[in-house]
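What follows is a set of notes on a single structure, which appears directly below.
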Amino acid sequence: MLQHAIDDFLHYLQVEKGLASNTLSAYELDLRSYCEFIEKERKKSKWIDVSRLDLMQFLNLLKESGKATTTIARNISSLRMFHRFLYQDGIVKIDISEHINIPKKSRKLPNVLSTSEVEKLLSINVKTSLDMRNKAMIELLYATGLRVTELIELKQSDFHRTMGFVRCIGKGSKERIIPVGDIALQAVNDYLDQARPKLIKQNQSENTLFLNHHGRPLTRQGFWKIMKQLAQQVGIKKRISPHMLRHSFATHLLENGADLRAVQEMLGHEDISTTEIYTHVTRTRMKEVYEQYHPRA
């Protein structure tokens, strides 16, 4: 069966490559769609019978159905890795995906919050344990540039109170250490000392740093809902997302003269070209400032 090879490939990505669960889910989605096309449309049940024409027909189908360039590029990347795996594992005699190019993605500039909008978001009126938790999470995100998944998966032992840094496991199971500023450090310490003991409930063995009102780990959806509510409360009109704090962290550091390599390390980017997109944002801002304030602009 075609599916057996896909299961083996996903297991290989998880065990050998150490890919994150979100990345694995994306690969699985792409490959299951491809497998269904090969079985139902091309009437084939063995990978050794699948030809380059079959593969190209599937990619053409994605284009004709109006899929975004980013989606098609991700599919090609998934299929190239999968067919290389089939070839290296001896399941097929040739790699039919060889020399298939990934379309260039247009680089979309990230949406960021201004420093005044960040200040608004951080001016949370702390009245309850949940307020204290929310403030600690937002402060920590903006102070470190963590991804939301990284934030909600933090353990208590990952936050080093005396040394002032946080340890996280990012994409590809890669560890990184990020310094935490004094304000965020104080917010998380307050949460740990005063709020978390009230949220933990009966589940004293739970080691996740940030908890929901049931004393369980937060979900990505739960955090997104919290951030959306906070933005509405403080009067931020623009459409906001949790990832905007990560973008804002990087942009504000670079605007204030931070070294690009240091920002790359803190964000956990493997390729510096990924980090360089934030320099385009700062240049755009520079132009806006010039046009607004220069007498001959």
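Identifiers in this document derive from the order of the structure tokens: chains are assigned A, B, ..., residues are numbered from 1 separately in each chain, and ligands are numbered from 1 in order of occurrence.
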
Which range 153-223 of chain A residues have any atom within 12 Å of an atom of range 254-275 of chain A, and for each, what is the nearest pair of atoms with distance in Å to one decimal, counting only C-alpha atoms, rows sorted by chain and number, as JSON lines?
{"residue": "A:Phe165", "atom": "CA", "partner": "A:Met266", "partner_atom": "CA", "distance": 11.3}
{"residue": "A:Val166", "atom": "CA", "partner": "A:Met266", "partner_atom": "CA", "distance": 10.6}
{"residue": "A:Arg167", "atom": "CA", "partner": "A:Met266", "partner_atom": "CA", "distance": 10.6}
{"residue": "A:Cys168", "atom": "CA", "partner": "A:Gly268", "partner_atom": "CA", "distance": 9.7}
{"residue": "A:Ile169", "atom": "CA", "partner": "A:Gly268", "partner_atom": "CA", "distance": 9.4}
{"residue": "A:Gly170", "atom": "CA", "partner": "A:Gly268", "partner_atom": "CA", "distance": 6.9}
{"residue": "A:Lys171", "atom": "CA", "partner": "A:Gly268", "partner_atom": "CA", "distance": 7.9}
{"residue": "A:Gly172", "atom": "CA", "partner": "A:Glu270", "partner_atom": "CA", "distance": 9.9}
{"residue": "A:Ser173", "atom": "CA", "partner": "A:Gly268", "partner_atom": "CA", "distance": 10.8}
{"residue": "A:Lys174", "atom": "CA", "partner": "A:Gly268", "partner_atom": "CA", "distance": 8.1}
{"residue": "A:Glu175", "atom": "CA", "partner": "A:Gly268", "partner_atom": "CA", "distance": 8.5}
{"residue": "A:Arg176", "atom": "CA", "partner": "A:Gly268", "partner_atom": "CA", "distance": 6.9}
{"residue": "A:Ile177", "atom": "CA", "partner": "A:Met266", "partner_atom": "CA", "distance": 7.5}
{"residue": "A:Ile178", "atom": "CA", "partner": "A:Met266", "partner_atom": "CA", "distance": 5.8}
{"residue": "A:Pro179", "atom": "CA", "partner": "A:Met266", "partner_atom": "CA", "distance": 8.5}
{"residue": "A:Val180", "atom": "CA", "partner": "A:Met266", "partner_atom": "CA", "distance": 10.8}

Requested in this report: Show which residues sit within 10 Å of Arg74 in chain A, as an MDAnalysis selection string. Count only C-alpha atoms, and ignore same-chain residues fewer than 5 positions away.
Outcome: chainID A and resid 26:27 30 68:69 79:80 102:103

Could I get the residues of range 40-67 of chain A with an atom no further than 10 Å from an atom of range 97-101 of chain A, each paired with its nearest atom pair and that distance in Å to one decimal, using only C-alpha atoms, sorted by chain and residue number, as CSV?
residue,atom,partner,partner_atom,distance
A:Ser51,CA,A:Ser97,CA,9.3
A:Arg52,CA,A:Ser97,CA,6.8
A:Leu55,CA,A:Ser97,CA,7.6
A:Met56,CA,A:Ser97,CA,9.0

Report task. Check the DSSP output for the backbone and give back, as JSON, numbers by chain, the residues of range 145-247 of chain A in strand (DSSP E). Result -> {"A": [159, 160, 165, 166, 167, 168, 169, 175, 176, 177, 178, 179]}

Query raised in the report: Could you name the residues that touch Val281 in chain A at 9 Å or less, counting only C-alpha atoms, but leaving out those on the same chain fewer than 3 positions away, as a list in words?
Result: Leu109, Pro110, Asn111, Val112, Thr251, Ile277, Tyr278, Thr284, Arg285 and Met286 of chain A

Please identify all polymer residues within 12 Å of Leu192 in chain A, counting only C-alpha atoms, omitting same-chain residues fewer than 6 positions from it, and present them as a compact mmCIF listing (two decimals) with N, CA, C and O atoms, in the first residue's frame.
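The resulting result_37.txt:
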# COMPACT_ATOMS: atom_id res chain seq x y z
N SER A 129 -5.62 36.50 39.11
CA SER A 129 -4.51 35.59 38.78
C SER A 129 -4.36 35.44 37.27
O SER A 129 -3.24 35.36 36.76
N LEU A 130 -5.50 35.43 36.56
CA LEU A 130 -5.45 35.29 35.10
C LEU A 130 -4.86 36.55 34.46
O LEU A 130 -4.12 36.47 33.48
N MET A 132 -2.61 38.42 35.85
CA MET A 132 -1.18 38.34 36.14
C MET A 132 -0.50 37.37 35.17
O MET A 132 0.61 37.63 34.68
N ARG A 133 -1.17 36.27 34.88
CA ARG A 133 -0.65 35.31 33.90
C ARG A 133 -0.57 35.94 32.52
O ARG A 133 0.45 35.82 31.82
N ALA A 136 2.28 38.37 32.24
CA ALA A 136 3.56 37.65 32.21
C ALA A 136 3.82 37.06 30.83
O ALA A 136 4.93 37.13 30.30
N MET A 137 2.78 36.49 30.20
CA MET A 137 2.94 35.88 28.88
C MET A 137 3.26 36.92 27.82
O MET A 137 4.17 36.72 26.99
N LYS A 155 8.39 24.76 30.23
CA LYS A 155 8.26 24.16 31.55
C LYS A 155 8.79 25.15 32.59
O LYS A 155 9.54 26.08 32.25
N GLN A 156 8.44 24.94 33.83
CA GLN A 156 8.94 25.83 34.89
C GLN A 156 10.47 25.84 34.91
O GLN A 156 11.08 26.88 35.13
N SER A 157 11.05 24.68 34.65
CA SER A 157 12.51 24.57 34.69
C SER A 157 13.19 25.29 33.53
O SER A 157 14.41 25.51 33.56
N PHE A 159 12.51 28.36 32.68
CA PHE A 159 12.62 29.78 33.04
C PHE A 159 13.58 29.92 34.23
O PHE A 159 13.30 29.45 35.33
N HIS A 160 14.73 30.54 33.98
CA HIS A 160 15.76 30.66 35.02
C HIS A 160 15.68 32.04 35.68
O HIS A 160 16.14 33.04 35.13
N ARG A 161 15.09 32.04 36.85
CA ARG A 161 14.75 33.29 37.53
C ARG A 161 15.99 34.07 37.95
O ARG A 161 16.05 35.29 37.78
N LEU A 185 11.05 39.74 33.39
CA LEU A 185 11.50 38.85 34.47
C LEU A 185 10.64 39.04 35.71
O LEU A 185 10.19 38.07 36.33
N GLN A 186 10.37 40.30 36.04
CA GLN A 186 9.56 40.61 37.22
C GLN A 186 8.12 40.13 37.03
O GLN A 186 7.51 39.57 37.95
N LYS A 198 -2.39 29.53 42.51
CA LYS A 198 -3.86 29.54 42.56
C LYS A 198 -4.47 28.82 41.36
O LYS A 198 -5.60 28.34 41.42
N LEU A 199 -3.73 28.76 40.26
CA LEU A 199 -4.24 28.12 39.04
C LEU A 199 -3.99 26.61 39.01
O LEU A 199 -4.68 25.88 38.32
N ILE A 200 -2.99 26.16 39.75
CA ILE A 200 -2.54 24.77 39.65
C ILE A 200 -3.61 23.78 40.09
O ILE A 200 -3.64 22.63 39.66
N ASN A 207 3.93 20.56 35.24
CA ASN A 207 5.16 21.33 35.21
C ASN A 207 5.17 22.42 34.14
O ASN A 207 6.12 23.19 34.04
N THR A 208 4.10 22.51 33.33
CA THR A 208 4.04 23.55 32.30
C THR A 208 4.00 24.92 32.96
O THR A 208 3.32 25.10 33.98
N LEU A 209 4.73 25.86 32.39
CA LEU A 209 4.86 27.18 33.03
C LEU A 209 3.54 27.93 33.08
O LEU A 209 3.10 28.36 34.15
N PHE A 210 2.88 28.09 31.93
CA PHE A 210 1.64 28.88 31.89
C PHE A 210 0.42 27.96 31.80
O PHE A 210 0.36 27.09 30.93
N LEU A 211 -0.54 28.21 32.70
CA LEU A 211 -1.70 27.32 32.84
C LEU A 211 -3.00 28.06 32.56
O LEU A 211 -3.09 29.28 32.73

For the contact check between range 231-276 of chain A and range 117-121 of chain A, emit one row per residue of range 231-276 of chain A within 10 Å, containing the shortest atom pair and the distance in Å rounded to one decimal, counting only C-alpha atoms, chain then rising number order, as CSV.
residue,atom,partner,partner_atom,distance
A:Ala231,CA,A:Leu121,CA,6.2
A:Gln232,CA,A:Leu121,CA,9.4
A:Gln233,CA,A:Leu121,CA,8.7
A:Val234,CA,A:Lys120,CA,6.1
A:Gly235,CA,A:Lys120,CA,8.1
A:Ile236,CA,A:Glu117,CA,6.9
A:Lys237,CA,A:Glu117,CA,9.8
A:Lys238,CA,A:Glu117,CA,9.9
A:Leu245,CA,A:Val118,CA,8.1
A:Ser248,CA,A:Val118,CA,8.3
A:Phe249,CA,A:Val118,CA,9.8

Output C-alpha atoms for every residue in that selection, as a PDB file, in the first residue's frame.
ATOM      1  CA  ALA A 231      -6.101  44.198  22.171  1.00  0.00           C
ATOM      2  CA  GLN A 232      -9.802  45.109  22.168  1.00  0.00           C
ATOM      3  CA  GLN A 233      -9.649  46.186  25.818  1.00  0.00           C
ATOM      4  CA  VAL A 234      -6.763  48.627  25.256  1.00  0.00           C
ATOM      5  CA  GLY A 235      -8.213  49.996  22.000  1.00  0.00           C
ATOM      6  CA  ILE A 236      -5.844  48.561  19.380  1.00  0.00           C
ATOM      7  CA  LYS A 237      -7.852  48.728  16.167  1.00  0.00           C
ATOM      8  CA  LYS A 238      -5.638  46.757  13.779  1.00  0.00           C
ATOM      9  CA  LEU A 245       4.785  40.273  19.050  1.00  0.00           C
ATOM     10  CA  SER A 248       7.716  43.471  16.793  1.00  0.00           C
ATOM     11  CA  PHE A 249      10.483  42.080  19.019  1.00  0.00           C
TER      12      PHE A 249
END

Report task. Please return as JSON, numbers by chain: the residues of range 28-77 of chain A that backbone DSSP assigns to helix (DSSP H, G or I). Result -> {"A": [28, 29, 30, 31, 32, 33, 34, 35, 36, 37, 38, 39, 40, 47, 48, 49, 52, 53, 54, 55, 56, 57, 58, 59, 60, 61, 62, 63, 64, 69, 70, 71, 72, 73, 74, 75, 76, 77]}

Could you save the residues just selected, with C-alpha atoms, as a compact mmCIF listing (two decimals), in the first residue's frame?
# COMPACT_ATOMS: atom_id res chain seq x y z
CA GLU A 28 1.18 14.54 6.40
CA LEU A 29 -1.58 16.72 4.91
CA ASP A 30 0.35 17.23 1.66
CA LEU A 31 1.28 13.56 1.27
CA ARG A 32 -2.17 12.17 2.03
CA SER A 33 -3.63 14.44 -0.64
CA TYR A 34 -0.95 13.25 -3.08
CA CYS A 35 -1.52 9.60 -2.17
CA GLU A 36 -5.27 9.95 -2.75
CA PHE A 37 -4.62 11.49 -6.18
CA ILE A 38 -2.24 8.66 -7.18
CA GLU A 39 -4.70 5.96 -6.06
CA LYS A 40 -7.98 7.44 -7.35
CA TRP A 47 5.24 3.76 -5.65
CA ILE A 48 7.53 2.03 -8.15
CA ASP A 49 4.79 2.49 -10.77
CA ARG A 52 7.25 11.91 -13.14
CA LEU A 53 4.16 12.59 -15.29
CA ASP A 54 1.93 11.53 -12.37
CA LEU A 55 3.77 13.91 -10.08
CA MET A 56 3.53 16.81 -12.55
CA GLN A 57 -0.19 16.14 -13.05
CA PHE A 58 -0.72 16.47 -9.31
CA LEU A 59 1.20 19.77 -9.19
CA ASN A 60 -0.79 21.07 -12.17
CA LEU A 61 -3.98 20.18 -10.34
CA LEU A 62 -2.85 22.30 -7.38
CA LYS A 63 -2.20 25.26 -9.71
CA GLU A 64 -5.53 24.86 -11.53
CA THR A 69 2.23 29.96 -4.43
CA THR A 70 3.25 29.32 -0.83
CA THR A 71 1.02 26.22 -0.66
CA ILE A 72 2.38 24.86 -3.95
CA ALA A 73 5.96 25.54 -2.82
CA ARG A 74 5.34 23.68 0.43
CA ASN A 75 3.83 20.73 -1.46
CA ILE A 76 6.81 20.53 -3.81
CA SER A 77 9.18 20.61 -0.84
